[in-house]
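Take a look at the structure below.
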Amino acid sequence: MSGPTLLVGAVAYHERVVPIWEIFREYFSARDVPVDYVLYSNYERQAEALLDGKIDIGWNTNTAFVRIRHVAGEPVRILGMRDVDSDWATLVVTRKGEGVEKVSELSGTRLALGSRDSGHAAILPLYYLAREGLDAVNDCELIRFDTDLGKHGDTGDSELRVLRAVADGEAGAGAVGAPIWASLKAKADPLISGLEVQWRSEDYYHCNFTVLGSMDRAVADRWSAALLAMDYNDPSLRYAMDLEGVKKWLPGDEKGYATLTEAMVQQGYFG
Amino acid sequence: MNSPPQDTATRSIDAGDIEFGDGLEILLSTVFQAAEPGQTIDVATSSRSTALELPGWARSTGHSAERDWKETNGNGQRFVVRVRRGEAAPVLAPDLPSRGEPMPLRLGSQFHTTDLVNAAPERLPGSPDPGYGLIPLGAVPESGGPQYSWRLNHHDDLWAEEITDLTERASSAQWDATVDVPWNEALGLPDDVERAVAQVMTFIASNEYVALYVPSKFLPQVNSAFVDILMWLASHIHDEARHVEVFTKRALIGGQRGYALASTQMSLHSLLEEDDFSSASLLLNVLGEGTFIDLLGFISRNAPDAATAACARLAHRDEQRHVHFGISHVRRSQKLDPDSTPQLIGAVEARAAKLATLTGLSPVLLESLTILAAGSTRSASLRRGAAGVKELTRLMEVNRIRRLRAAGFDAETAHHLSELHTPNLM
């Protein structure tokens with residue numbers, strides 16, 4: 001028996017979001033947990049909608065999740081994340097041959113960062129580099145590419161600018177997410193042919209499906225179970241899962257957001 | 001980096017100094033595809049940078065990096081990343097079958113199309129799924145591809161004996177309309193003769209258009225599982241494109257131009273409207289191109305110049321194959337399904353009804369054909385030309401009936417259909 005239709009919010013960072021959710025909508029409906037979707041132009045608006053109860057589930061970035069949890073005033077719950085979200089990492093890249101053994105050697109260089117609201121290309125790089133002994137805010141000249149603000153780095157635009165700045169010599173080093181580097185490598189993109197990875201952060205979590213703690217637990221469980229049952233080897237799902245960049249959905253938990261939470265507090269994101 | 005684990009991986013691979021972008025992903029793909037889901041593989045590299053990239057590669061390909069460490073041996077240090085193979089199948093299809101027998105070759109290292117079709121791992125399906133993909137013969141299709149919707153899904157409705165041999169012959173009989181015609185021989189005919197040649201060539205070129213469009217119309221309707229039919233139709237289309245080319249070149253080379261007659265257009269339009277494959281084959285291959293074989297033979301024997309003769313001779317060779325297909329196909333269709341005979345007759349009758357206003361070969365064409373055969377406008381020559389054209393008309397009728405008989409029609413029906421055939425010849 002079908003329950004009420006759940007409303008999922010997603011940010012339209014790319015036109016592929018529509019075919020993804022059209023296919024997912026069909027999938028969830030066939031499993032008696034019908035959903036519809038609403039697209040937002042930015043994560044702040046979507047977070048507001050979740051907190052106001054206008055949507056039931058938010059497909060959030062890590063930055064959006066941490067913010068929602070901070071202001072919710074009630075426990076929030078994670079209903080799932082992609083495999084790729086479970087071991088996201090930040091890379092620091094330089095031009096080839098720089099031979100950086102420790103990130104502290106980057107002191108004094110121009111360090112390129114992605115959008116200010118990107119966890120992986122701006123907030124966490126500063127946090128992890130500081131832990132490794134590089135106070136980049138004070139010891140490096142930061143070059144920030146604040147493009148597509150509100151999308152939290154989803155478009156990849158600011159990371160491409162970071163890589164271009166390093167390739168062109170405008171910056172001595174740059175921070176990007178491991179997935180964008182892997183995808184550029186996979187297609188042998190000439191943009192990165194002269195660059196190499198010098199450092200990789202520890203793993204942290206990225207996106208997740210967030211609901212407020214007040215959501216009916218049984219309904220949330222049923223939706224989560226349907227999500228986790230998606231099979232990448234099912235021909236009717238492979239296209240959408242490829243577009244979403246997921247091969248397996250995982251249950252998710254909150255432990256992988258600890259460092260980002262700390263970083264956002266340190267860097268004054270909560271005022 | 002961490003310390004080496006106590007347990008050992010299912011297998012390990014030393015990638016040396018090969019990097020991503022230089023072939024490492026191919027090497028890893030081969031190794032991981034051979035492993036079972038859940039198995040672990042230690043990937044060693046001499047490059048720290050590559051080791052830092054390995055977790056990202058693993059995730060993007062559906063695997064997961066579990067641990068990394070550094071080792072030092074006599075050759076220096078190397079970085080190791082342990083990766084667990086994921087469950088994602090790279091291709092949504094059964095495993096490829098084990099290697100089978102090689103394909104048969106003929107003397108001279110020739111690999112014939114007939115042998116390809118006959119010795120393929122699977123026989124061509126008789127009535128495949130109308131949604132069949134663009135899947136080459138013998139390939140193992142992956143699930144999840146788009147659904148097609150082919151209109152022609154029964155092999156028997158399209159096939160003819162010797163179809164692969166005919167395709168083979170078409171490939172080996174290719175010619176080049178640019179260099180295989182002695183074009184300089186076409187220059188210098190008197191004005192009236194050149195005008196007549198230009199008119200006849202324009203007429204033939206017009207007809208070649210329909211011979212090009214009819215198989216072109218059917219090809220994209222044919223189920224992609226029928227590779228033999230596709231190759232045949234493609235060779236037919238290729239032949240006709242060259243015929244359009246060579247007769248257009250001959251029409252214009254001498255500076256004269258001809259009319260594209262409305263009667264011709266009307267006739268061709270009615271042929272292009274035929275939507276049934278076998279009926280179209282009867283109308284085009286057996287009746288139209290059959291009649292053209294006689295016309296082209298006549299021109300090759302009576303042309304006033306060697307270039308015109310060569311154009312007709314080269315096209316004549318191709319048309320024989322098309323007629324062969326048509327006769328064989330129509331005969332087989334009637335044999336397999338006797339009910340198809342009235343349908344075929346009906347198609348000829350219906351077309352004839354549409355062309356009721358055409359009562360004979362256009363006077364413009366008749367006049368041009370006569371001058372072409374005469375080679376001049378002197379009366380003695382014209383008399384000879386006129387006699388030749390009269391004989392051609394008779395020959396066309398006789399041969400058309402003969403071909404219809406060969407295609408499986410009884411004598412009375414063959415006469416009936418021949419009489420109904422378009423005065424436009426095609």
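Numbering starts fresh at 1 for the residues of each chain in the structure tokens, the chains themselves are lettered A, B, ... in the order given, and ligands are numbered from 1 as they appear.
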
Neighbour list for Arg257 of chain B as an mmCIF file with C-alpha atoms, in the first residue's frame, cut-off 12 Å, only C-alpha atoms, skip fewer than 6 positions in-chain:
```cif
data_model
loop_
_atom_site.group_PDB
_atom_site.id
_atom_site.type_symbol
_atom_site.label_atom_id
_atom_site.label_comp_id
_atom_site.auth_asym_id
_atom_site.auth_seq_id
_atom_site.Cartn_x
_atom_site.Cartn_y
_atom_site.Cartn_z
ATOM 1 C CA ASP B 191 24.312 20.256 -81.419
ATOM 2 C CA ASP B 192 21.210 18.250 -82.287
ATOM 3 C CA VAL B 193 22.796 14.911 -81.423
ATOM 4 C CA GLU B 194 24.233 16.270 -78.192
ATOM 5 C CA ARG B 195 20.823 17.687 -77.271
ATOM 6 C CA ALA B 196 19.251 14.280 -77.868
ATOM 7 C CA VAL B 197 21.920 12.541 -75.774
ATOM 8 C CA ALA B 198 21.484 15.124 -72.995
ATOM 9 C CA GLN B 199 17.717 14.490 -73.004
ATOM 10 C CA VAL B 200 18.076 10.711 -72.816
ATOM 11 C CA MET B 201 20.728 10.990 -70.105
ATOM 12 C CA THR B 202 18.530 13.400 -68.132
ATOM 13 C CA PHE B 203 15.672 10.941 -68.411
ATOM 14 C CA THR B 248 24.075 13.589 -64.691
ATOM 15 C CA LYS B 249 27.704 14.020 -65.710
ATOM 16 C CA ARG B 250 26.975 12.692 -69.188
ATOM 17 C CA ALA B 251 23.868 14.857 -69.520
#
```

TODO: Write out as a ChimeraX atom specification the residues lying within 12 Å of segment 35-47 of chain B, counting only C-alpha atoms and excluding same-chain residues fewer than 6 positions away.
DONE: /A:97,99,196-198 /B:4-5,7-20,24-25,27-29,53-55,57-58,62-73,75-90

Would you export the selected residues with C-alpha atoms as a compact mmCIF listing (two decimals), in the first residue's frame, please?
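Written out: selection.txt:
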```txt
# COMPACT_ATOMS: atom_id res chain seq x y z
CA GLY A 97 58.18 18.24 -10.40
CA GLY A 99 58.36 17.55 -5.07
CA GLU A 196 50.35 16.18 -10.08
CA VAL A 197 48.85 15.35 -6.71
CA GLN A 198 51.03 16.25 -3.73
CA PRO B 4 51.42 -2.76 6.00
CA PRO B 5 48.45 -4.94 7.03
CA ASP B 7 46.63 -10.17 6.22
CA THR B 8 47.34 -10.63 2.53
CA ALA B 9 45.24 -9.51 -0.39
CA THR B 10 43.67 -11.91 -2.90
CA ARG B 11 46.32 -10.80 -5.35
CA SER B 12 48.76 -7.98 -5.90
CA ILE B 13 50.06 -6.08 -8.86
CA ASP B 14 53.16 -3.95 -9.23
CA ALA B 15 52.29 -1.10 -11.58
CA GLY B 16 55.85 0.24 -11.55
CA ASP B 17 55.98 3.85 -12.64
CA ILE B 18 53.06 3.78 -15.09
CA GLU B 19 50.62 6.60 -14.35
CA PHE B 20 46.96 7.36 -14.82
CA LEU B 24 47.51 2.51 -15.68
CA GLU B 25 43.71 2.58 -15.76
CA LEU B 27 46.09 -2.27 -16.58
CA LEU B 28 43.94 -1.94 -13.46
CA SER B 29 40.73 -2.49 -15.37
CA GLU B 53 45.12 9.19 -6.98
CA LEU B 54 44.29 5.52 -6.55
CA PRO B 55 41.42 5.93 -4.04
CA TRP B 57 40.10 6.01 -9.32
CA ALA B 58 38.81 3.13 -7.21
CA GLY B 62 32.94 1.20 -8.31
CA HIS B 63 35.69 -0.18 -6.06
CA SER B 64 36.92 1.10 -2.73
CA ALA B 65 40.40 1.82 -1.40
CA GLU B 66 40.79 0.30 2.05
CA ARG B 67 44.28 1.04 3.20
CA ASP B 68 47.60 2.43 2.00
CA TRP B 69 51.17 2.05 3.14
CA LYS B 70 54.74 2.52 2.05
CA GLU B 71 57.28 -0.25 1.50
CA THR B 72 61.00 -0.04 1.07
CA ASN B 73 63.00 -2.68 -0.74
CA ASN B 75 64.78 -0.90 -5.57
CA GLY B 76 63.78 1.98 -3.34
CA GLN B 77 60.38 2.76 -1.93
CA ARG B 78 57.02 1.91 -3.31
CA PHE B 79 53.52 2.89 -2.32
CA VAL B 80 50.80 0.30 -1.96
CA VAL B 81 47.04 0.81 -1.93
CA ARG B 82 44.72 -2.06 -1.09
CA VAL B 83 41.54 -1.89 -3.16
CA ARG B 84 38.43 -4.02 -2.74
CA ARG B 85 36.65 -4.90 -5.94
CA GLY B 86 33.10 -3.58 -6.07
CA GLU B 87 29.97 -5.33 -7.23
CA ALA B 88 29.30 -3.17 -10.25
CA ALA B 89 29.49 -5.11 -13.49
CA PRO B 90 31.27 -3.01 -16.10
```

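The shell of residues at most 6 Å from segment 150-157 of chain A, with only C-alpha atoms counted and near chain neighbours (fewer than 2 positions) removed, consists of A:Tyr13, A:Asn42, A:Tyr43, A:Asp117, A:Ser118, A:Asp148, A:Glu159, A:Leu160.
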
Task: Residue hits in chain A, query chain B, radius 8 Å, only C-alpha atoms, as a ChimeraX atom specification - done: /A:83-84,178-179,181-183,185-188,196-200,232-233,235-236,238,245,247

Task: Sel. of strand (DSSP E or B) residues, segment 3-64 of chain B, as number ranges by chain - done: B: 11-14, 40-45, 64

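Residues with any atom within 8 Å of Leu124 of chain B, counting only C-alpha atoms and excluding same-chain neighbours fewer than 6 positions away, are Val117, Ala225 and Phe226 of chain B.
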
- [ ] Go through A:Ala263, A:Ala226, A:Ala89, A:Leu113 one by one, measure the shortest atom-to-atom distance of each to Ser158 of chain A using only C-alpha atoms, and give the residue with the smallest value.
- [x] A:Leu113

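Omitting Val330 of chain B and its sequence neighbours fewer than 6 positions away, and counting only C-alpha atoms, the residues within 8 Å are Ser278, Ser281, Leu282, Ala407 and Gly408 of chain B.
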
- [ ] Looking only at helix (DSSP H, G or I) from DSSP on the backbone, list the matching residues of segment 75-136 of chain B as a ChimeraX atom specification.
- [x] /B:113-119

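Compared by their closest atoms to Arg82 of chain A, and using only C-alpha atoms, the residues A:Cys140, A:Ala49, A:Leu228, A:Ala122 rank with A:Leu228 nearest.
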
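Taking atom CA of Phe145 of chain A and atom CA of Tyr128 of chain A as endpoints, the distance between them is 19.1 Å.
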
TODO: Skip segment 341-348 of chain B itself and residues of its chain fewer than 2 positions away, then list as a list in words all residues within 9 Å of it, counting only C-alpha atoms.
DONE: Glu274, Asp276, Ser278, Ser279, Ala280, Leu282, Leu283, Val330, Ser333, Gln334, Asp337, Pro338, Asp339, Ala350, Arg351, Ala352, Ala353, Gly408, Phe409, Thr413, Leu417, Leu420 and His421 of chain B

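Every protein or nucleic acid residue with an atom no more than 7 Å from Ala386 of chain B, counting only C-alpha atoms and leaving out same-chain residues fewer than 4 positions away, appears here: Thr370, Leu382 and Lys390 of chain B.
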
TODO: Measure the distance from atom CA of Leu129 of chain A to atom CA of Val103 of chain A in Å and round it to one decimal.
DONE: 6.9 Å

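Restricting the calculation to only C-alpha atoms, the smallest distance between Glu262 of chain A and any of A:Ile23, A:Val17, A:Leu91, A:Leu126 is found for A:Leu126.
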
TODO: Find the residue from A:Thr147, A:Asn138, A:Val33, A:Asn62 that sits nearest to Ser86 of chain A; use only C-alpha atoms when measuring.
DONE: A:Asn62

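For the pair atom CA of Ile20 of chain A and atom CA of Ser41 of chain A, the interatomic distance is 16.3 Å.
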